[in-house]
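Source file: my_file.cif (mmCIF, C-alpha atoms and all ligand atoms)
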```cif
data_coords
loop_
_atom_site.label_atom_id
_atom_site.label_comp_id
_atom_site.auth_asym_id
_atom_site.auth_seq_id
_atom_site.Cartn_x
_atom_site.Cartn_y
_atom_site.Cartn_z
CA MET A 1 24.21 213.08 93.26
CA ASN A 2 25.99 210.09 91.73
CA ASN A 3 25.99 209.18 88.03
CA ASN A 4 27.28 205.64 88.52
CA PRO A 5 24.97 202.79 87.41
CA ILE A 6 22.60 200.84 89.62
CA GLY A 7 23.00 197.06 89.61
CA VAL A 8 19.96 194.82 89.16
CA PHE A 9 20.36 191.08 89.31
CA ASP A 10 18.62 187.74 89.20
CA SER A 11 19.44 184.08 88.70
CA GLY A 12 18.43 184.38 85.04
CA VAL A 13 15.96 186.17 82.78
CA GLY A 14 13.35 186.68 85.52
CA GLY A 15 14.69 189.94 86.89
CA LEU A 16 14.29 191.49 83.46
CA SER A 17 10.58 191.68 84.38
CA CYS A 18 11.54 194.31 87.00
CA VAL A 19 13.60 196.53 84.71
CA PRO A 20 10.68 198.47 83.11
CA ALA A 21 9.27 199.35 86.56
CA ILE A 22 12.70 200.50 87.80
CA ALA A 23 13.33 202.50 84.62
CA LYS A 24 9.92 204.17 84.95
CA GLU A 25 10.47 205.10 88.58
CA LEU A 26 14.09 206.20 88.00
CA PRO A 27 14.33 207.52 84.42
CA ASN A 28 17.80 209.07 84.93
CA GLU A 29 19.46 205.92 86.21
CA GLN A 30 21.67 203.70 84.10
CA ILE A 31 20.90 200.05 84.92
CA ILE A 32 23.45 197.26 84.68
CA TYR A 33 21.45 194.02 84.66
CA PHE A 34 23.09 190.68 85.34
CA GLY A 35 21.29 187.34 84.95
CA ASP A 36 23.16 184.24 86.08
CA THR A 37 21.57 182.20 83.28
CA ALA A 38 24.41 179.66 83.23
CA ARG A 39 23.58 178.61 86.81
CA ALA A 40 19.77 179.17 86.84
CA PRO A 41 17.57 177.96 88.35
CA TYR A 42 18.69 178.94 91.84
CA GLY A 43 15.35 177.98 93.42
CA CYS A 44 16.15 174.29 93.73
CA ARG A 45 19.68 174.87 95.08
CA ASP A 46 21.06 174.65 98.57
CA PRO A 47 20.98 177.98 100.50
CA LYS A 48 24.79 177.85 100.91
CA GLU A 49 25.23 177.74 97.16
CA ILE A 50 22.67 180.52 96.56
CA ILE A 51 24.57 182.75 99.01
CA GLU A 52 27.92 181.94 97.40
CA PHE A 53 26.67 182.70 93.87
CA SER A 54 24.89 185.88 94.99
CA LEU A 55 27.99 187.32 96.68
CA GLU A 56 29.99 186.56 93.53
CA VAL A 57 27.49 188.40 91.32
CA ALA A 58 27.31 191.30 93.77
CA ASP A 59 31.11 191.65 93.71
CA LYS A 60 31.05 191.65 89.91
CA LEU A 61 28.47 194.47 89.78
CA ILE A 62 30.20 196.51 92.48
CA GLY A 63 33.45 195.97 90.56
CA MET A 64 31.73 197.54 87.55
CA GLY A 65 31.03 200.65 89.61
CA CYS A 66 27.42 200.02 90.71
CA LYS A 67 26.39 202.41 93.49
CA SER A 68 23.53 200.19 94.72
CA LEU A 69 22.18 196.69 94.13
CA SER A 70 18.51 195.88 93.59
CA ILE A 71 17.85 192.18 93.97
CA ALA A 72 15.27 191.36 91.31
CA CYS A 73 15.07 187.81 92.63
CA ASN A 74 12.86 186.56 95.43
CA THR A 75 15.02 183.48 95.97
CA ILE A 76 18.20 185.52 96.48
CA THR A 77 16.32 187.97 98.70
CA ALA A 78 14.78 185.16 100.78
CA VAL A 79 18.05 183.30 101.26
CA ALA A 80 20.93 185.76 100.86
CA LEU A 81 19.72 189.29 101.73
CA ASP A 82 21.37 189.33 105.16
CA ALA A 83 24.67 188.01 103.77
CA LEU A 84 24.59 190.54 100.92
CA GLU A 85 23.87 193.44 103.27
CA LYS A 86 26.79 192.45 105.47
CA HIS A 87 29.13 191.81 102.53
CA CYS A 88 28.44 194.77 100.22
CA SER A 89 29.88 198.25 100.42
CA VAL A 90 26.79 199.74 98.67
CA PRO A 91 23.08 199.78 99.63
CA VAL A 92 21.30 196.49 98.84
CA ILE A 93 17.55 196.47 98.17
CA GLY A 94 15.69 193.16 98.39
CA ILE A 95 12.41 192.55 96.57
CA ILE A 96 10.45 190.86 99.38
CA PRO A 97 10.35 193.38 102.30
CA PRO A 98 8.74 196.20 100.29
CA VAL A 99 6.04 193.95 98.81
CA ILE A 100 5.12 192.61 102.25
CA GLN A 101 4.73 196.21 103.40
CA TYR A 102 2.52 196.88 100.35
CA LEU A 103 0.37 193.78 101.02
CA ASN A 104 -0.04 194.77 104.68
CA SER A 105 -1.22 198.24 103.70
CA ASN A 106 -3.52 197.21 100.84
CA TYR A 107 -4.76 193.66 101.34
CA ALA A 108 -4.77 193.01 105.09
CA ASP A 109 -8.42 191.87 104.83
CA LYS A 110 -7.86 189.50 101.89
CA ARG A 111 -6.71 185.90 101.64
CA ILE A 112 -3.21 186.03 100.19
CA GLY A 113 -1.33 183.24 98.45
CA VAL A 114 2.15 183.30 97.00
CA ILE A 115 3.77 181.15 94.35
CA ALA A 116 7.54 181.06 94.42
CA THR A 117 10.55 178.78 94.08
CA GLU A 118 11.19 175.88 96.43
CA ALA A 119 13.96 177.82 98.20
CA THR A 120 11.74 180.88 98.76
CA VAL A 121 8.84 178.78 100.04
CA LYS A 122 11.15 176.82 102.38
CA SER A 123 12.69 180.04 103.73
CA GLY A 124 9.32 181.25 105.04
CA ALA A 125 10.18 184.76 103.83
CA TYR A 126 6.57 185.23 102.66
CA PRO A 127 4.24 184.77 105.67
CA TYR A 128 1.30 183.53 103.55
CA LYS A 129 -0.09 180.33 102.08
CA ALA A 130 2.67 179.38 99.64
CA LYS A 131 3.34 176.92 96.85
CA ALA A 132 6.43 176.16 94.81
CA ALA A 133 5.58 176.49 91.11
CA ILE A 134 8.47 174.21 90.21
CA PRO A 135 7.95 173.86 86.42
CA PHE A 136 7.51 177.59 85.76
CA VAL A 137 11.17 178.76 85.78
CA PRO A 138 12.58 176.13 83.37
CA ASN A 139 9.72 176.87 80.92
CA ILE A 140 10.35 180.62 81.12
CA GLU A 141 14.15 180.30 80.80
CA LYS A 142 13.56 178.15 77.70
CA ALA A 143 10.60 179.80 76.01
CA GLY A 144 9.78 183.04 77.86
CA THR A 145 6.36 181.72 78.98
CA VAL A 146 4.50 178.75 80.52
CA PRO A 147 1.96 176.54 78.69
CA ASP A 148 -1.64 176.75 80.00
CA GLU A 149 -1.76 173.09 81.03
CA VAL A 150 1.32 173.54 83.26
CA ILE A 151 -0.19 176.66 84.86
CA ARG A 152 -3.45 174.79 85.53
CA GLU A 153 -1.64 171.85 87.06
CA VAL A 154 0.12 174.16 89.54
CA LEU A 155 -2.64 176.68 90.23
CA ASP A 156 -6.10 175.09 89.86
CA ASP A 157 -6.21 173.75 93.43
CA PHE A 158 -4.06 176.46 94.98
CA VAL A 159 -6.21 179.44 93.99
CA VAL A 160 -9.58 178.12 95.23
CA ASP A 161 -9.31 179.82 98.63
CA ILE A 162 -7.28 182.93 97.91
CA ASP A 163 -8.19 186.43 96.70
CA VAL A 164 -4.70 187.75 96.00
CA LEU A 165 -1.97 185.85 94.17
CA VAL A 166 1.57 187.18 94.66
CA LEU A 167 3.98 186.35 91.85
CA GLY A 168 6.81 185.59 94.29
CA CYS A 169 9.39 184.84 91.62
CA THR A 170 10.44 187.42 89.07
CA HIS A 171 10.20 184.87 86.27
CA TYR A 172 6.44 184.49 86.75
CA PRO A 173 5.30 187.91 85.42
CA PHE A 174 6.18 186.56 81.97
CA ALA A 175 3.29 184.11 82.45
CA ARG A 176 1.00 186.80 83.91
CA PRO A 177 -1.17 187.29 80.79
CA SER A 178 -1.96 183.55 80.79
CA ILE A 179 -2.59 183.44 84.56
CA GLU A 180 -4.94 186.44 84.26
CA ARG A 181 -6.80 184.84 81.38
CA LEU A 182 -7.22 181.55 83.29
CA TYR A 183 -8.20 183.02 86.69
CA LYS A 184 -10.16 186.19 86.01
CA ASP A 185 -11.27 186.88 89.62
CA LEU A 186 -7.81 186.84 91.18
CA ILE A 187 -6.01 190.01 92.20
CA ILE A 188 -2.47 189.54 90.97
CA VAL A 189 0.46 191.30 92.63
CA ASP A 190 3.83 191.62 90.90
CA PRO A 191 6.47 192.84 93.41
CA ALA A 192 8.47 194.67 90.70
CA GLU A 193 6.83 198.03 91.34
CA GLU A 194 7.56 197.89 95.05
CA LEU A 195 11.21 197.03 94.34
CA ALA A 196 11.36 200.03 92.01
CA LYS A 197 9.82 202.40 94.59
CA LYS A 198 12.11 201.11 97.34
CA THR A 199 15.15 201.54 95.09
CA LYS A 200 14.17 205.17 94.52
CA GLU A 201 13.61 205.72 98.23
CA VAL A 202 17.04 204.29 99.12
CA LEU A 203 18.89 206.23 96.39
CA THR A 204 17.15 209.42 97.47
CA ALA A 205 17.91 208.87 101.16
CA ASN A 206 21.60 208.25 100.36
CA ASN A 207 21.87 211.19 97.97
CA LEU A 208 22.75 208.80 95.14
CA LEU A 209 20.32 209.86 92.39
CA ALA A 210 21.85 210.39 88.94
CA LYS A 211 21.43 213.48 86.82
CA GLU A 212 22.53 211.98 83.53
CA LYS A 213 20.98 208.96 81.81
CA LYS A 214 23.35 206.51 80.09
CA GLU A 215 22.24 203.47 78.12
CA ASN A 216 21.39 200.34 80.14
CA ILE A 217 23.68 197.32 79.93
CA TYR A 218 22.29 193.77 79.92
CA LEU A 219 24.66 190.95 80.87
CA ALA A 220 24.20 187.23 81.40
CA SER A 221 26.57 184.44 82.37
CA LYS A 222 25.23 182.54 79.34
CA VAL A 223 23.51 184.60 76.65
CA THR A 224 20.51 182.63 75.39
CA ASP A 225 17.88 183.36 72.70
CA THR A 226 15.28 183.87 75.45
CA PHE A 227 17.54 186.41 77.20
CA ASN A 228 18.08 188.35 73.95
CA ASP A 229 14.36 188.20 73.04
CA ILE A 230 13.26 189.53 76.44
CA VAL A 231 15.90 192.28 76.42
CA ARG A 232 14.62 193.35 72.99
CA ARG A 233 11.02 193.35 74.31
CA ILE A 234 11.71 195.49 77.38
CA LYS A 235 14.05 198.02 75.72
N1 LIG B 1 13.55 184.63 89.51
C1 LIG B 1 13.93 184.08 90.73
C2 LIG B 1 13.04 184.50 91.88
O1 LIG B 1 12.49 185.59 91.85
C3 LIG B 1 14.38 182.66 90.85
C4 LIG B 1 14.29 181.68 89.74
C5 LIG B 1 15.24 180.52 89.92
O2 LIG B 1 16.40 180.68 89.56
O3 LIG B 1 14.83 179.48 90.44
O4 LIG B 1 12.89 183.77 92.84
#
```

This structure in structure tokens:
Amino acid sequence: MNNNPIGVFDSGVGGLSCVPAIAKELPNEQIIYFGDTARAPYGCRDPKEIIEFSLEVADKLIGMGCKSLSIACNTITAVALDALEKHCSVPVIGIIPPVIQYLNSNYADKRIGVIATEATVKSGAYPYKAKAAIPFVPNIEKAGTVPDEVIREVLDDFVVDIDVLVLGCTHYPFARPSIERLYKDLIIVDPAEELAKKTKEVLTANNLLAKEKKENIYLASKVTDTFNDIVRRIK
């Protein structure tokens, strides 16, 4: 048993899309969320820089007493998971490995496609047909969603030969209602739930589950209206 908080982090507001799933799976855990909004997007950055920023954020959360770190960011997981695991004194849970396991178990017979950031696509961390949905993150950081015409521009051609669309960036679930409305036949997978289940599994295995719930804390390197709006929505 350990009543310290769990750290959850992302490059910006995207990882907030994972918080409800983590809170549902682990109702006794206090979450400290950190979004590096001042330096988002990470997805167009050099891997060296992504690793450097990620280790900095991890140190900050561990310094605040976090007993584990859940990386609610595909880009950080794709590029920096190994470095974080080596660097951190607490268990680190990446968002990509558990969703690949889930896809293997549930959709092995389907045609899978993933949309993600440039850095995630380049890393090859998702072994599927992949496309960088470059304009999505700036739209979501600014307005919390993506206009239909931008979604169509990115997805119309990409989805013609896939059955399952993985939202391989934690910002994208904020555009999920629009994507679902535009492409009714697609099976959409949001990795958040798998991150939440894996976090529970790791806390349980390490005897780190909390008994006492304390209020979650939401931090950002630059607090924006979008950040505050989304925090209000998920609380
Ligand atoms: N939300 C992040 C992800 O899951 C990255 C967004 C960005 O900073 O480019 O990949």

Item to complete: Determine, counting all atoms listed in the file, every residue of protein, DNA or RNA that lies within 8 Å of (5.9, 177.5, 85.9) in the file coordinates, then give the result as number ranges by chain.
Response: A: 133-140, 146, 150-151, 154, 172, 175

Can I get the selected residues back with C-alpha atoms, as a CSV table (one decimal), in the frame of the given file?
```csv
chain,number,residue,atom,x,y,z
A,133,ALA,CA,5.6,176.5,91.1
A,134,ILE,CA,8.5,174.2,90.2
A,135,PRO,CA,8.0,173.9,86.4
A,136,PHE,CA,7.5,177.6,85.8
A,137,VAL,CA,11.2,178.8,85.8
A,138,PRO,CA,12.6,176.1,83.4
A,139,ASN,CA,9.7,176.9,80.9
A,140,ILE,CA,10.4,180.6,81.1
A,146,VAL,CA,4.5,178.8,80.5
A,150,VAL,CA,1.3,173.5,83.3
A,151,ILE,CA,-0.2,176.7,84.9
A,154,VAL,CA,0.1,174.2,89.5
A,172,TYR,CA,6.4,184.5,86.8
A,175,ALA,CA,3.3,184.1,82.4
```

Discussion item. Please list as a VMD selection string every residue within 9 Å of Ala38 of chain A, counting all atoms listed in the file and excluding residues in the same chain fewer than 4 positions away.
Written reply: chain A and resid 11 to 12 220 to 223

The selected residues should be written to file as a compact mmCIF listing (two decimals), in the frame of the given file (atoms: C-alpha atoms).
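Result file is out_34.txt:
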```txt
# COMPACT_ATOMS: atom_id res chain seq x y z
CA SER A 11 19.44 184.08 88.70
CA GLY A 12 18.43 184.38 85.04
CA ALA A 220 24.20 187.23 81.40
CA SER A 221 26.57 184.44 82.37
CA LYS A 222 25.23 182.54 79.34
CA VAL A 223 23.51 184.60 76.65
```

Worksheet item: Need the neighbours of (19.4, 208.2, 89.8): which residues are at most 8 Å away, counting all atoms listed in the file, as number ranges by chain?
Response: A: 1-3, 26-30, 200, 203, 208-212

Write the residues you've just listed into a file as a PDB file, in the frame of the given file, and include C-alpha atoms for each of them.
```pdb
ATOM      1  CA  MET A   1      24.210 213.080  93.260  1.00  0.00           C
ATOM      2  CA  ASN A   2      25.990 210.090  91.730  1.00  0.00           C
ATOM      3  CA  ASN A   3      25.990 209.180  88.030  1.00  0.00           C
ATOM      4  CA  LEU A  26      14.090 206.200  88.000  1.00  0.00           C
ATOM      5  CA  PRO A  27      14.330 207.520  84.420  1.00  0.00           C
ATOM      6  CA  ASN A  28      17.800 209.070  84.930  1.00  0.00           C
ATOM      7  CA  GLU A  29      19.460 205.920  86.210  1.00  0.00           C
ATOM      8  CA  GLN A  30      21.670 203.700  84.100  1.00  0.00           C
ATOM      9  CA  LYS A 200      14.170 205.170  94.520  1.00  0.00           C
ATOM     10  CA  LEU A 203      18.890 206.230  96.390  1.00  0.00           C
ATOM     11  CA  LEU A 208      22.750 208.800  95.140  1.00  0.00           C
ATOM     12  CA  LEU A 209      20.320 209.860  92.390  1.00  0.00           C
ATOM     13  CA  ALA A 210      21.850 210.390  88.940  1.00  0.00           C
ATOM     14  CA  LYS A 211      21.430 213.480  86.820  1.00  0.00           C
ATOM     15  CA  GLU A 212      22.530 211.980  83.530  1.00  0.00           C
TER      16      GLU A 212
END
```

Fill in: Length of the atom CA of Asp156 of chain A to atom CA of Cys169 of chain A vector [Å]
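Interatomic distance, atom CA of Asp156 of chain A to atom CA of Cys169 of chain A: 18.4 Å.
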
Practice prompt. Check which residues fall inside 6 Å of ligand LIG 1 (chain B) when counting all atoms listed in the file, and print them as number ranges by chain.
Written response: A: 10-11, 14, 40-43, 73-75, 117, 137, 169-171

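For Pro97 of chain A, the set of protein, DNA and RNA residues having any atom at most 12 Å away, when counting only C-alpha atoms and skipping those fewer than 2 positions along the same chain, is Ile71, Asn74, Thr77, Ala78, Leu81, Val92, Ile93, Gly94, Ile95, Val99, Ile100, Gln101, Tyr102, Leu103, Asn104, Ala125, Tyr126, Pro127, Gly168, Pro191, Ala192, Glu194, Leu195, Lys197, Lys198 and Thr199 of chain A.
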
Worksheet item: Quick one: residues within 10 Å of Ile187 of chain A, all atoms listed in the file counted, chain neighbours fewer than 5 positions away excluded, as a PyMOL selection string?
Response: chain A and resi 107+110+112+162-166+180

Fill in: Nearest residue to Val13 of chain A from the set A:Ser178, A:Ser54, A:Thr145, A:Asn206 (distances using all atoms listed in the file)
A:Thr145

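Reported to one decimal place, the separation of atom CA of Ala143 of chain A from atom CA of Gly124 of chain A is 29.1 Å.
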
Item to complete: Tell me, in Å to one decimal, how far atom CA of Arg176 of chain A is from atom CA of Val19 of chain A.
Response: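 Computed distance, atom CA of Arg176 of chain A to atom CA of Val19 of chain A, equals 15.9 Å.
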
Excluding Gly144 of chain A and residues on its chain fewer than 5 positions from it, collect all residues at most 8 Å away from it, counting all atoms listed in the file, and give them as a compact mmCIF listing (two decimals) with C-alpha atoms, in the coordinates of the input.
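File produced: part-v3.txt:
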```
# COMPACT_ATOMS: atom_id res chain seq x y z
CA ASN A 139 9.72 176.87 80.92
CA PHE A 174 6.18 186.56 81.97
CA THR A 226 15.28 183.87 75.45
CA ILE A 230 13.26 189.53 76.44
```

Output, as JSON, the centre and edge lengths in Å (one decimal) of the axis-aligned box that contains all listed atoms of segment 24-34 of chain A with 4 Å of margin on each side.
```
{"center_x": 16.7, "center_y": 199.9, "center_z": 86.3, "size_x": 21.5, "size_y": 26.4, "size_z": 12.5}
```

Item to complete: Identify which of the residues A:Val160, A:Ala116, A:Cys88, A:Ala205 lies closest to Tyr183 of chain A, counting only C-alpha atoms when measuring atom-to-atom distances.
Response: A:Val160
